[in-house]
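Participant: Structure file upload-v8.cif (mmCIF, C-alpha atoms) right here:
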data_work
#
loop_
_atom_site.label_atom_id
_atom_site.label_comp_id
_atom_site.auth_asym_id
_atom_site.auth_seq_id
_atom_site.Cartn_x
_atom_site.Cartn_y
_atom_site.Cartn_z
CA MET A 7 115.00 -155.80 6.30
CA ALA A 8 114.12 -152.23 7.09
CA ARG A 9 111.01 -150.49 5.79
CA TRP A 10 111.93 -146.85 5.48
CA GLY A 11 109.26 -144.34 6.38
CA MET A 12 108.78 -140.80 7.46
CA ALA A 13 106.59 -138.90 9.88
CA ILE A 14 105.95 -135.19 9.37
CA ASP A 15 104.50 -133.37 12.36
CA LEU A 16 102.45 -130.49 10.98
CA ALA A 17 102.26 -128.89 14.44
CA LYS A 18 106.04 -128.55 14.43
CA CYS A 19 106.39 -127.54 10.78
CA SER A 20 106.78 -123.81 10.31
CA ALA A 21 106.66 -124.06 6.50
CA CYS A 22 110.15 -122.56 6.21
CA GLN A 23 110.88 -124.69 3.12
CA ALA A 24 114.37 -125.63 4.31
CA CYS A 25 113.51 -129.21 3.30
CA VAL A 26 112.65 -128.05 -0.21
CA VAL A 27 115.95 -126.21 -0.62
CA ALA A 28 117.96 -129.06 0.93
CA CYS A 29 116.36 -131.56 -1.42
CA GLN A 30 116.96 -129.32 -4.39
CA SER A 31 120.68 -129.06 -3.74
CA GLU A 32 121.18 -132.63 -2.50
CA ASN A 33 119.59 -134.21 -5.53
CA ASN A 34 120.83 -131.94 -8.33
CA ILE A 35 117.36 -130.77 -9.21
CA PRO A 36 117.65 -128.33 -12.12
CA CYS A 37 116.29 -124.81 -12.27
CA VAL A 38 113.30 -124.09 -14.45
CA PRO A 39 112.59 -120.65 -15.97
CA PRO A 40 109.91 -118.76 -13.97
CA GLU A 41 107.35 -118.70 -16.76
CA GLU A 42 107.64 -122.48 -17.16
CA ALA A 43 107.49 -122.97 -13.41
CA ARG A 44 104.20 -121.08 -13.40
CA SER A 45 102.79 -123.52 -15.93
CA GLY A 46 103.57 -126.39 -13.61
CA ARG A 47 106.84 -127.55 -15.05
CA ILE A 48 108.86 -126.92 -11.93
CA LEU A 49 110.76 -129.83 -10.46
CA SER A 50 110.73 -130.28 -6.72
CA TRP A 51 110.79 -133.69 -5.11
CA ILE A 52 109.41 -132.30 -1.89
CA SER A 53 107.17 -129.26 -1.95
CA LEU A 54 104.62 -127.61 0.26
CA LEU A 55 101.06 -128.47 -0.59
CA PRO A 56 98.90 -125.39 0.10
CA GLU A 57 95.66 -126.18 1.85
CA LEU A 58 93.15 -123.36 2.23
CA GLU A 59 90.95 -123.42 5.29
CA GLY A 60 87.84 -121.38 5.95
CA GLU A 61 86.45 -118.52 3.92
CA TYR A 62 87.36 -114.89 3.62
CA PRO A 63 87.80 -112.99 5.96
CA ARG A 64 88.55 -115.97 8.24
CA LEU A 65 90.87 -117.52 5.75
CA SER A 66 93.98 -119.39 6.68
CA MET A 67 96.40 -121.49 4.77
CA ARG A 68 98.08 -124.62 5.93
CA LEU A 69 101.20 -125.80 4.13
CA VAL A 70 101.85 -129.52 4.11
CA PRO A 71 105.34 -130.76 3.22
CA LEU A 72 104.81 -133.42 0.62
CA PRO A 73 107.62 -135.70 -0.55
CA CYS A 74 106.98 -138.89 -2.51
CA LEU A 75 104.96 -140.96 -0.05
CA HIS A 76 106.69 -144.22 -1.09
CA CYS A 77 103.42 -146.12 -1.06
CA ASP A 78 103.47 -149.81 -0.22
CA ASN A 79 100.99 -150.19 -3.05
CA PRO A 80 102.18 -147.55 -5.52
CA PRO A 81 99.88 -146.83 -8.47
CA CYS A 82 102.76 -145.27 -10.41
CA ILE A 83 104.67 -148.51 -10.89
CA LEU A 84 101.60 -150.36 -12.16
CA VAL A 85 101.25 -148.05 -15.15
CA CYS A 86 104.90 -147.96 -16.24
CA PRO A 87 105.10 -149.78 -19.57
CA VAL A 88 108.87 -150.33 -19.44
CA LYS A 89 109.43 -151.21 -15.78
CA ALA A 90 111.52 -148.10 -15.30
CA THR A 91 110.11 -147.74 -11.82
CA GLY A 92 109.56 -150.25 -9.09
CA ILE A 93 109.49 -150.83 -5.37
CA ASN A 94 112.40 -152.55 -3.69
CA ALA A 95 112.44 -154.93 -0.75
CA GLU A 96 112.81 -152.03 1.65
CA GLY A 97 109.75 -150.32 0.27
CA THR A 98 111.49 -147.50 -1.55
CA VAL A 99 109.95 -146.58 -4.88
CA HIS A 100 112.76 -146.00 -7.35
CA GLN A 101 113.09 -144.63 -10.85
CA ILE A 102 115.68 -145.90 -13.33
CA TYR A 103 116.28 -142.92 -15.59
CA PRO A 104 118.04 -144.62 -18.52
CA ARG A 105 115.11 -147.00 -18.82
CA CYS A 106 112.41 -144.32 -18.67
CA ILE A 107 110.84 -143.51 -22.04
CA GLY A 108 109.12 -140.35 -20.80
CA CYS A 109 105.54 -141.45 -21.45
CA ARG A 110 104.45 -139.73 -18.20
CA TYR A 111 101.86 -142.38 -17.33
CA CYS A 112 103.33 -142.44 -13.83
CA THR A 113 102.99 -138.68 -13.36
CA THR A 114 99.31 -139.15 -14.15
CA GLY A 115 99.08 -142.31 -12.08
CA CYS A 116 100.45 -140.75 -8.92
CA PRO A 117 97.52 -139.36 -6.91
CA TYR A 118 99.92 -137.14 -4.98
CA THR A 119 101.52 -135.56 -8.09
CA ARG A 120 104.95 -136.42 -6.72
CA ARG A 121 106.48 -137.34 -10.04
CA MET A 122 108.11 -134.71 -12.22
CA PHE A 123 108.96 -134.73 -15.87
CA ASN A 124 112.14 -133.17 -17.24
CA TRP A 125 110.78 -130.92 -19.95
CA TYR A 126 114.14 -129.31 -20.63
CA LYS A 127 117.81 -130.01 -20.67
CA PRO A 128 118.82 -129.57 -17.02
CA GLU A 129 120.31 -126.16 -16.32
CA PHE A 130 122.41 -125.08 -13.41
CA PRO A 131 123.16 -121.39 -13.93
CA GLY A 132 126.27 -119.79 -12.46
CA ASP A 133 127.88 -121.32 -9.42
CA LEU A 134 125.13 -123.90 -9.06
CA ALA A 135 126.99 -126.03 -11.60
CA LEU A 136 129.90 -126.22 -9.19
CA ALA A 137 127.68 -127.38 -6.36
CA LEU A 138 126.39 -130.54 -8.00
CA ASN A 139 126.30 -133.59 -5.76
CA PRO A 140 128.60 -136.23 -7.29
CA ASP A 141 126.61 -139.03 -5.66
CA VAL A 142 123.47 -138.22 -7.63
CA SER A 143 123.20 -138.26 -11.40
CA VAL A 144 121.86 -135.32 -13.36
CA ARG A 145 118.76 -136.50 -15.14
CA PRO A 146 118.54 -135.90 -18.88
CA LYS A 147 115.68 -134.20 -20.66
CA GLY A 148 112.69 -136.42 -21.28
CA VAL A 149 112.64 -138.65 -18.21
CA VAL A 150 110.52 -138.67 -15.09
CA GLU A 151 112.17 -138.21 -11.73
CA LYS A 152 111.06 -138.46 -8.16
CA CYS A 153 112.17 -138.57 -4.53
CA THR A 154 114.52 -141.48 -3.84
CA LEU A 155 114.54 -140.99 -0.06
CA CYS A 156 118.16 -139.92 -0.70
CA HIS A 157 119.06 -143.50 -1.51
CA HIS A 158 122.70 -142.55 -2.03
CA ARG A 159 122.81 -141.62 1.64
CA LEU A 160 121.58 -145.08 2.58
CA MET A 161 124.33 -146.63 0.46
CA GLN A 162 126.86 -144.38 2.15
CA ALA A 163 125.55 -145.11 5.65
CA ARG A 164 125.55 -148.86 4.98
CA GLU A 165 129.13 -148.67 3.74
CA GLU A 166 130.24 -146.72 6.82
CA ALA A 167 128.46 -149.13 9.16
CA LYS A 168 129.91 -152.16 7.41
CA ALA A 169 133.41 -150.69 7.52
CA ALA A 170 133.00 -150.08 11.25
CA LYS A 171 131.62 -153.65 11.60
CA ARG A 172 128.38 -152.61 13.27
CA PRO A 173 124.73 -152.79 12.23
CA LEU A 174 123.06 -149.74 10.76
CA ALA A 175 121.84 -147.68 13.71
CA GLU A 176 118.85 -145.36 13.82
CA GLY A 177 119.89 -141.92 12.60
CA ASP A 178 122.78 -143.21 10.48
CA TYR A 179 120.65 -142.76 7.40
CA LEU A 180 118.62 -139.60 7.07
CA PRO A 181 117.38 -137.99 3.85
CA ALA A 182 118.46 -134.39 3.35
CA CYS A 183 115.00 -133.03 4.22
CA ALA A 184 114.86 -134.85 7.56
CA GLU A 185 118.39 -133.82 8.43
CA VAL A 186 117.90 -130.14 7.67
CA CYS A 187 114.47 -129.57 9.27
CA PRO A 188 115.16 -126.88 11.90
CA SER A 189 112.07 -127.58 13.98
CA GLY A 190 112.51 -131.34 13.94
CA ALA A 191 109.16 -131.85 12.26
CA ILE A 192 110.46 -134.62 10.00
CA THR A 193 111.27 -137.95 11.64
CA PHE A 194 112.76 -140.67 9.53
CA GLY A 195 113.55 -144.30 10.18
CA ASP A 196 112.54 -147.93 10.03
CA LEU A 197 108.78 -148.46 10.31
CA ASP A 198 109.28 -152.17 11.00
CA ASP A 199 111.37 -151.48 14.09
CA PRO A 200 108.73 -150.93 16.80
CA ALA A 201 111.24 -149.05 18.97
CA SER A 202 112.12 -146.47 16.32
CA ALA A 203 110.83 -142.93 16.71
CA VAL A 204 109.09 -143.00 13.34
CA ALA A 205 107.23 -146.24 14.10
CA GLN A 206 106.00 -144.77 17.37
CA LEU A 207 104.84 -141.63 15.62
CA ALA A 208 103.08 -143.71 12.97
CA ARG A 209 101.06 -145.34 15.77
CA ASN A 210 100.24 -141.96 17.29
CA PRO A 211 96.51 -141.13 17.19
CA ARG A 212 97.39 -137.83 15.49
CA ALA A 213 98.94 -139.66 12.55
CA PHE A 214 97.14 -139.91 9.25
CA ARG A 215 98.10 -140.72 5.69
CA LEU A 216 97.09 -138.59 2.75
CA LEU A 217 94.31 -140.07 0.59
CA GLU A 218 94.43 -143.20 2.70
CA ASP A 219 91.15 -144.48 1.27
CA LEU A 220 92.78 -145.01 -2.12
CA GLY A 221 94.59 -148.01 -0.66
CA THR A 222 98.00 -146.76 -1.69
CA LYS A 223 99.38 -147.37 1.83
CA PRO A 224 101.88 -144.52 1.97
CA LYS A 225 104.92 -144.82 4.22
CA VAL A 226 104.93 -141.10 4.92
CA PHE A 227 102.71 -140.15 7.84
CA HIS A 228 101.53 -136.66 8.64
CA LEU A 229 100.59 -135.73 12.17
CA ALA A 230 98.01 -133.12 13.08
CA GLU A 231 95.32 -132.37 15.62
CA GLY A 232 91.57 -132.22 15.24
CA GLU A 233 89.76 -132.63 11.99
CA TRP A 234 92.99 -133.12 10.12
CA SER A 235 93.82 -136.35 11.84
CA GLY A 236 91.79 -139.27 10.63
CA GLY A 237 88.79 -137.23 9.46
CA ARG A 238 89.55 -134.50 6.98
CA GLY A 239 93.03 -135.71 6.09
CA ASN A 240 91.66 -138.92 4.73
CA GLN A 241 89.17 -137.24 2.51
CA THR A 242 91.27 -134.55 0.90
CA MET B 23 109.76 -147.13 -56.82
CA ALA B 24 111.24 -150.51 -57.66
CA ASP B 25 108.17 -152.31 -56.29
CA TRP B 26 105.93 -150.58 -58.77
CA SER B 27 108.05 -151.00 -61.90
CA PRO B 28 106.38 -153.33 -64.44
CA MET B 29 109.62 -155.13 -65.25
CA PRO B 30 112.47 -156.21 -62.99
CA PRO B 31 115.67 -154.19 -63.48
CA PRO B 32 118.26 -155.75 -65.78
CA LEU B 33 120.65 -158.32 -64.33
CA ALA B 34 123.70 -156.03 -64.43
CA ALA B 35 121.87 -153.34 -62.47
CA ARG B 36 120.78 -155.89 -59.89
CA TRP B 37 124.36 -157.03 -59.44
CA THR B 38 125.55 -153.43 -59.11
CA ILE B 39 122.94 -152.63 -56.47
CA GLY B 40 123.53 -155.86 -54.56
CA GLY B 41 127.29 -155.47 -54.76
CA GLY B 42 126.98 -151.89 -53.56
CA PHE B 43 125.08 -152.99 -50.47
CA VAL B 44 127.59 -155.72 -49.68
CA LEU B 45 130.50 -153.32 -50.16
CA CYS B 46 128.90 -150.69 -47.92
CA PHE B 47 128.31 -153.32 -45.25
CA LEU B 48 131.90 -154.59 -45.40
CA VAL B 49 133.42 -151.10 -45.31
CA GLY B 50 131.12 -150.13 -42.43
CA ALA B 51 131.98 -153.28 -40.49
CA VAL B 52 135.70 -152.67 -40.88
CA VAL B 53 135.50 -148.96 -40.04
CA PHE B 54 133.23 -149.34 -37.01
CA SER B 55 135.03 -152.33 -35.53
CA ALA B 56 138.31 -150.46 -35.91
CA ALA B 57 136.77 -147.37 -34.29
CA GLY B 58 135.50 -149.53 -31.45
CA ARG B 59 138.84 -151.13 -30.69
CA ASN B 60 141.30 -148.49 -31.71
CA HIS B 61 140.65 -145.69 -29.26
CA ALA B 62 143.97 -146.66 -27.70
CA ALA B 63 144.61 -144.07 -25.06
CA SER B 64 147.90 -142.25 -25.18
CA GLN B 65 149.02 -141.46 -21.67
CA PRO B 66 151.38 -138.60 -20.82
CA ILE B 67 153.93 -141.10 -19.53
CA ALA B 68 154.56 -144.66 -20.70
CA PHE B 69 154.06 -145.89 -17.15
CA ASN B 70 155.39 -149.38 -16.44
CA HIS B 71 153.04 -151.07 -13.96
CA ALA B 72 155.05 -154.30 -13.98
CA LYS B 73 158.26 -152.62 -12.88
CA HIS B 74 156.65 -150.67 -10.05
CA LEU B 75 154.77 -153.69 -8.72
CA ALA B 76 157.90 -155.86 -8.97
CA ASN B 77 159.69 -153.29 -6.80
CA GLY B 78 157.29 -153.95 -3.97
CA MET B 79 154.72 -151.25 -4.54
CA SER B 80 151.02 -151.95 -4.29
CA CYS B 81 148.08 -150.52 -6.25
CA THR B 82 146.92 -148.34 -3.36
CA ASP B 83 150.28 -146.54 -3.11
CA CYS B 84 149.36 -144.50 -6.18
CA HIS B 85 145.60 -145.10 -6.58
CA THR B 86 145.06 -143.70 -3.12
CA GLY B 87 141.28 -143.60 -3.10
CA VAL B 88 140.72 -147.33 -3.56
CA GLU B 89 140.36 -148.26 0.09
CA THR B 90 138.73 -145.10 1.38
CA GLN B 91 136.33 -143.70 -1.19
CA ALA B 92 134.22 -144.34 -4.25
CA ARG B 93 136.86 -143.23 -6.75
CA ALA B 94 140.19 -144.97 -7.01
CA THR B 95 141.83 -141.79 -8.37
CA LEU B 96 144.72 -141.51 -10.80
CA PRO B 97 147.93 -140.34 -9.14
CA ALA B 98 148.87 -136.68 -9.11
CA LEU B 99 152.33 -135.60 -10.17
CA GLU B 100 153.15 -135.04 -6.52
CA THR B 101 152.74 -138.77 -5.84
CA CYS B 102 155.34 -139.58 -8.52
CA MET B 103 157.67 -136.90 -7.20
CA ASN B 104 157.71 -138.54 -3.77
CA CYS B 105 160.12 -141.08 -5.28
CA HIS B 106 161.23 -139.58 -8.57
CA ALA B 107 162.33 -136.11 -7.44
CA THR B 108 165.85 -137.32 -8.06
CA ALA B 109 166.67 -139.62 -10.97
CA LEU B 110 166.41 -143.31 -10.11
CA THR B 111 167.03 -144.56 -13.65
CA ALA B 112 168.22 -143.22 -16.99
CA SER B 113 164.71 -143.58 -18.40
CA ALA B 114 163.48 -140.77 -20.65
CA GLU B 115 159.95 -141.36 -19.36
CA GLU B 116 161.12 -140.77 -15.82
CA ARG B 117 162.70 -137.48 -16.87
CA LYS B 118 159.32 -136.37 -18.19
CA VAL B 119 157.98 -136.46 -14.62
CA ARG B 120 160.62 -134.05 -13.40
CA ASP B 121 160.25 -131.87 -16.52
CA LEU B 122 156.52 -131.56 -15.86
CA ALA B 123 157.16 -130.69 -12.23
CA ALA B 124 159.73 -128.08 -13.24
CA ALA B 125 157.22 -126.58 -15.68
CA GLY B 126 154.59 -126.56 -12.94
CA LYS B 127 152.24 -128.77 -14.97
CA GLU B 128 150.04 -131.63 -13.83
CA LEU B 129 149.88 -135.15 -15.25
CA ALA B 130 146.99 -135.33 -17.71
CA TRP B 131 146.14 -139.02 -17.41
CA VAL B 132 143.49 -140.37 -19.74
CA ARG B 133 140.90 -142.19 -17.66
CA LEU B 134 140.19 -145.58 -19.21
CA THR B 135 137.66 -147.29 -17.01
CA GLN B 136 134.53 -145.33 -16.39
CA VAL B 137 130.99 -146.27 -15.49
CA PRO B 138 128.11 -144.18 -16.88
CA ALA B 139 127.00 -141.12 -14.91
CA HIS B 140 123.83 -142.84 -13.73
CA VAL B 141 125.75 -145.67 -12.07
CA PHE B 142 127.12 -145.47 -8.58
CA PHE B 143 130.31 -147.46 -8.12
CA SER B 144 132.29 -147.44 -4.91
CA HIS B 145 135.81 -148.87 -4.93
CA ARG B 146 135.82 -149.06 -1.16
CA ARG B 147 132.67 -151.16 -1.13
CA HIS B 148 134.10 -153.61 -3.65
CA VAL B 149 137.73 -153.77 -2.55
CA VAL B 150 137.60 -153.35 1.22
CA LEU B 151 134.16 -154.60 2.19
CA ALA B 152 133.61 -157.29 -0.45
CA LYS B 153 137.34 -158.11 -0.70
CA ILE B 154 137.47 -158.30 -4.49
CA ALA B 155 140.97 -158.27 -5.96
CA CYS B 156 141.79 -155.38 -8.28
CA ALA B 157 142.78 -157.84 -11.02
CA ILE B 158 139.22 -159.19 -11.34
CA CYS B 159 138.19 -155.97 -13.08
CA HIS B 160 141.50 -154.40 -14.06
CA GLY B 161 143.46 -157.45 -15.22
CA PRO B 162 146.97 -158.62 -14.37
CA MET B 163 148.73 -155.27 -14.06
CA GLU B 164 151.88 -156.96 -12.73
CA LYS B 165 152.45 -158.07 -16.33
CA ALA B 166 151.70 -154.72 -17.95
CA THR B 167 154.94 -153.12 -19.08
CA ALA B 168 153.14 -150.33 -20.95
CA PRO B 169 150.01 -148.35 -19.98
CA PRO B 170 146.92 -150.33 -20.96
CA ALA B 171 145.51 -149.12 -24.26
CA ARG B 172 141.94 -150.01 -23.40
CA PRO B 173 139.95 -151.19 -20.36
CA PHE B 174 140.62 -154.78 -19.32
CA ARG B 175 136.94 -155.62 -19.56
CA GLU B 176 133.79 -153.94 -20.67
CA PHE B 177 131.80 -152.51 -17.79
CA THR B 178 128.33 -153.34 -18.98
CA MET B 179 125.27 -153.81 -16.80
CA ASP B 180 125.36 -157.46 -17.83
CA ALA B 181 128.87 -157.89 -16.46
CA CYS B 182 127.96 -156.20 -13.18
CA THR B 183 124.75 -158.18 -12.66
CA GLN B 184 126.43 -161.48 -13.49
CA CYS B 185 129.01 -161.00 -10.76
CA HIS B 186 126.42 -159.64 -8.35
CA GLU B 187 124.13 -162.61 -8.91
CA ASN B 188 126.93 -165.15 -8.54
CA ASN B 189 128.31 -163.58 -5.41
CA ARG B 190 125.08 -162.42 -3.79
CA GLY B 191 125.81 -158.74 -4.22
CA GLY B 192 122.70 -156.60 -4.31
CA THR B 193 120.62 -156.80 -7.47
CA GLU B 194 118.08 -154.13 -6.58
CA CYS B 195 118.03 -151.42 -9.26
CA ASN B 196 118.91 -148.77 -6.73
CA ASP B 197 121.96 -150.63 -5.47
CA CYS B 198 123.84 -149.30 -8.49
CA HIS B 199 121.57 -146.88 -10.34
CA ARG B 200 121.50 -143.38 -8.99
#
Render the structure in this file as structure tokens.
Facilitator:
Amino acid sequence: MARWGMAIDLAKCSACQACVVACQSENNIPCVPPEEARSGRILSWISLLPELEGEYPRLSMRLVPLPCLHCDNPPCILVCPVKATGINAEGTVHQIYPRCIGCRYCTTGCPYTRRMFNWYKPEFPGDLALALNPDVSVRPKGVVEKCTLCHHRLMQAREEAKAAKRPLAEGDYLPACAEVCPSGAITFGDLDDPASAVAQLARNPRAFRLLEDLGTKPKVFHLAEGEWSGGRGNQT
Amino acid sequence: MADWSPMPPPLAARWTIGGGFVLCFLVGAVVFSAAGRNHAASQPIAFNHAKHLANGMSCTDCHTGVETQARATLPALETCMNCHATALTASAEERKVRDLAAAGKELAWVRLTQVPAHVFFSHRRHVVLAKIACAICHGPMEKATAPPARPFREFTMDACTQCHENNRGGTECNDCHR
């Protein structure tokens, strides 16, 4: 059984946000009016976390791509009163929209703020309505949604592999963000396969996990040099 | 109000109220059960599955997506016209196909079996990879002389999970929910 994980190399990331756009269109994420977006009601399953460094005038900003970290020990599923969310055998944290009652405990429970609530009826203005992905449902108003690691792509890849009578190979299944990344900063694969690129990156001394001391055991690793690896990254 | 009245209402009134409730219940039961069963779909053509299958055709000849994609697809007029461009029988239903083609219209089939939008169902996965016969879900179409009025079975989560549990299909939420 695979354990899907991701490694994001911050030295390679140019913060172009191609992953954000790819995710938005792959997963039918609705548009939110600008004024509502400013009040934090924007939906984006992967977004860039701004991290300010230094003080003016030596101020710099680092942008950290942040999808759902698919923790091995996810706090969000512990607080769900209706079992609308859970973690499957492959370690993917899922959300079952028809079961969600919209209490938003999980959005509060997630220390990475990677859960979004649908405050409005989903809107896809203009041609966007024609570009909906038929493999992903459009979530109704009043439910929480989150990154699924493009689970529909896994289903598709499995089906293709099974039809071709071969095991699922590395690279058969990639989430939209990992596929689109122009600088190759996002590596995706099976963490339990020691030969996979992502497992090797996870063992890299530059690798760290956000808020590791909470014990959430995320399966998304970030890689950076210096104080970010191990030291600072663990504390922020 | 009734709880606070010092005296119970007279017997006749009680019977009227009680009878009213019973009547409402009965009428409701009849109306809603009829509404549930009687959405018999009227298809543009009284298609005879039995006849086509008896003449050596298979399901995938018209439902072309079954073996290759998630959706089985309902046949386009073009598929019918492959055989029926010239009259094969004296059937009035068959003439409708050519009339539609002459008018440049498309067949407006009414889709009967449909899973909810949040469920991912792949025909290919079930038919080709898991080798499940069409009849398990769609019934004995080789006996259907008229278009089915309603789905052969109800596609509830219960029905799906039962089969998945018995046949070791996946029962993870995300295997079907999307």
Participant: Write out as a JSON list (two decimals) with C-alpha atoms, keeping the file's coordinate frame which residues come within 7 Å of Pro71 in chain A when counting only C-alpha atoms, dropping same-chain ones fewer than 6 positions away.
Facilitator:
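In the end it all went to around-v7.json:
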[["chain", "number", "residue", "atom", "x", "y", "z"],
["A", 52, "ILE", "CA", 109.41, -132.30, -1.89],
["A", 53, "SER", "CA", 107.17, -129.26, -1.95],
["A", 54, "LEU", "CA", 104.62, -127.61, 0.26],
["A", 55, "LEU", "CA", 101.06, -128.47, -0.59]]
Participant: Please indicate the distance in Å from CA of Gly87 in chain B to CA of Arg146 in chain B, rounded to one decimal place.
Facilitator: 8.0 Å
Participant: Could you spell out the hits of the PyMOL selection byres ((chain B) within 6 of (chain A)) on the shown file, as a VMD selection string?
Facilitator: chain B and resid 139 to 140 200
Participant: Residues of the last selection are to be written out with C-alpha atoms, as a PDB file, keeping the file's coordinate frame.
Facilitator:
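part01.pdb written:
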ATOM      1  CA  ALA B 139     127.000-141.120 -14.910  1.00  0.00           C
ATOM      2  CA  HIS B 140     123.830-142.840 -13.730  1.00  0.00           C
ATOM      3  CA  ARG B 200     121.500-143.380  -8.990  1.00  0.00           C
TER       4      ARG B 200
END
Participant: Using the chain letters and numbers from the file, which residues does the PyMOL selection byres ((chain B and resi 138) around 10) grab, as an NGL selection string?
Facilitator: (:A and (143)) or (:B and (136-137 or 139-143 or 177-178 or 199))
Participant: Tell me which residues the PyMOL selection byres ((chain B and resi 89-94) around 7) grabs here, as a PDB file with C-alpha atoms, in the coordinates of the input.
Facilitator:
ATOM      1  CA  HIS B  85     145.600-145.100  -6.580  1.00  0.00           C
ATOM      2  CA  THR B  86     145.060-143.700  -3.120  1.00  0.00           C
ATOM      3  CA  GLY B  87     141.280-143.600  -3.100  1.00  0.00           C
ATOM      4  CA  VAL B  88     140.720-147.330  -3.560  1.00  0.00           C
ATOM      5  CA  THR B  95     141.830-141.790  -8.370  1.00  0.00           C
ATOM      6  CA  LEU B  96     144.720-141.510 -10.800  1.00  0.00           C
ATOM      7  CA  PHE B 143     130.310-147.460  -8.120  1.00  0.00           C
ATOM      8  CA  SER B 144     132.290-147.440  -4.910  1.00  0.00           C
ATOM      9  CA  HIS B 145     135.810-148.870  -4.930  1.00  0.00           C
ATOM     10  CA  ARG B 146     135.820-149.060  -1.160  1.00  0.00           C
ATOM     11  CA  VAL B 149     137.730-153.770  -2.550  1.00  0.00           C
ATOM     12  CA  VAL B 150     137.600-153.350   1.220  1.00  0.00           C
TER      13      VAL B 150
END
Participant: Quick one: residues within 8 Å of Val119 in chain B, only C-alpha atoms counted, chain neighbours fewer than 4 positions away excluded, as a list in words?
Facilitator: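 Listing them by chain and then by number gives Ile67, Leu99, Cys102, Met103, His106, Glu115 and Ala123 of chain B.
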Participant: Considering all atoms listed in the file, return as a PyMOL selection string whatever protein or nucleic-acid residues lie within 12 Å of Arg209 in chain A, sequence-local ones (same chain, fewer than 5 positions apart) excluded.
Facilitator: chain A and resi 13+197-198+200-204+214-215+227-229
Participant: Taking 4 positions as the minimum chain separation for residues in the same chain, which residues sit within 7 Å of Glu164 in chain B when counting only C-alpha atoms? Answer as a list of chain:residue names.
Facilitator: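 Within the cut-off, the hits are B:His71, B:Ala72, B:Leu75.
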Participant: Write a file of the selected residues as a short mmCIF file (atom, residue, chain, number, x, y, z; two decimals), keeping the file's coordinate frame, keeping C-alpha atoms.
Facilitator:
data_model
loop_
_atom_site.label_atom_id
_atom_site.label_comp_id
_atom_site.auth_asym_id
_atom_site.auth_seq_id
_atom_site.Cartn_x
_atom_site.Cartn_y
_atom_site.Cartn_z
CA HIS B 71 153.04 -151.07 -13.96
CA ALA B 72 155.05 -154.30 -13.98
CA LEU B 75 154.77 -153.69 -8.72
#
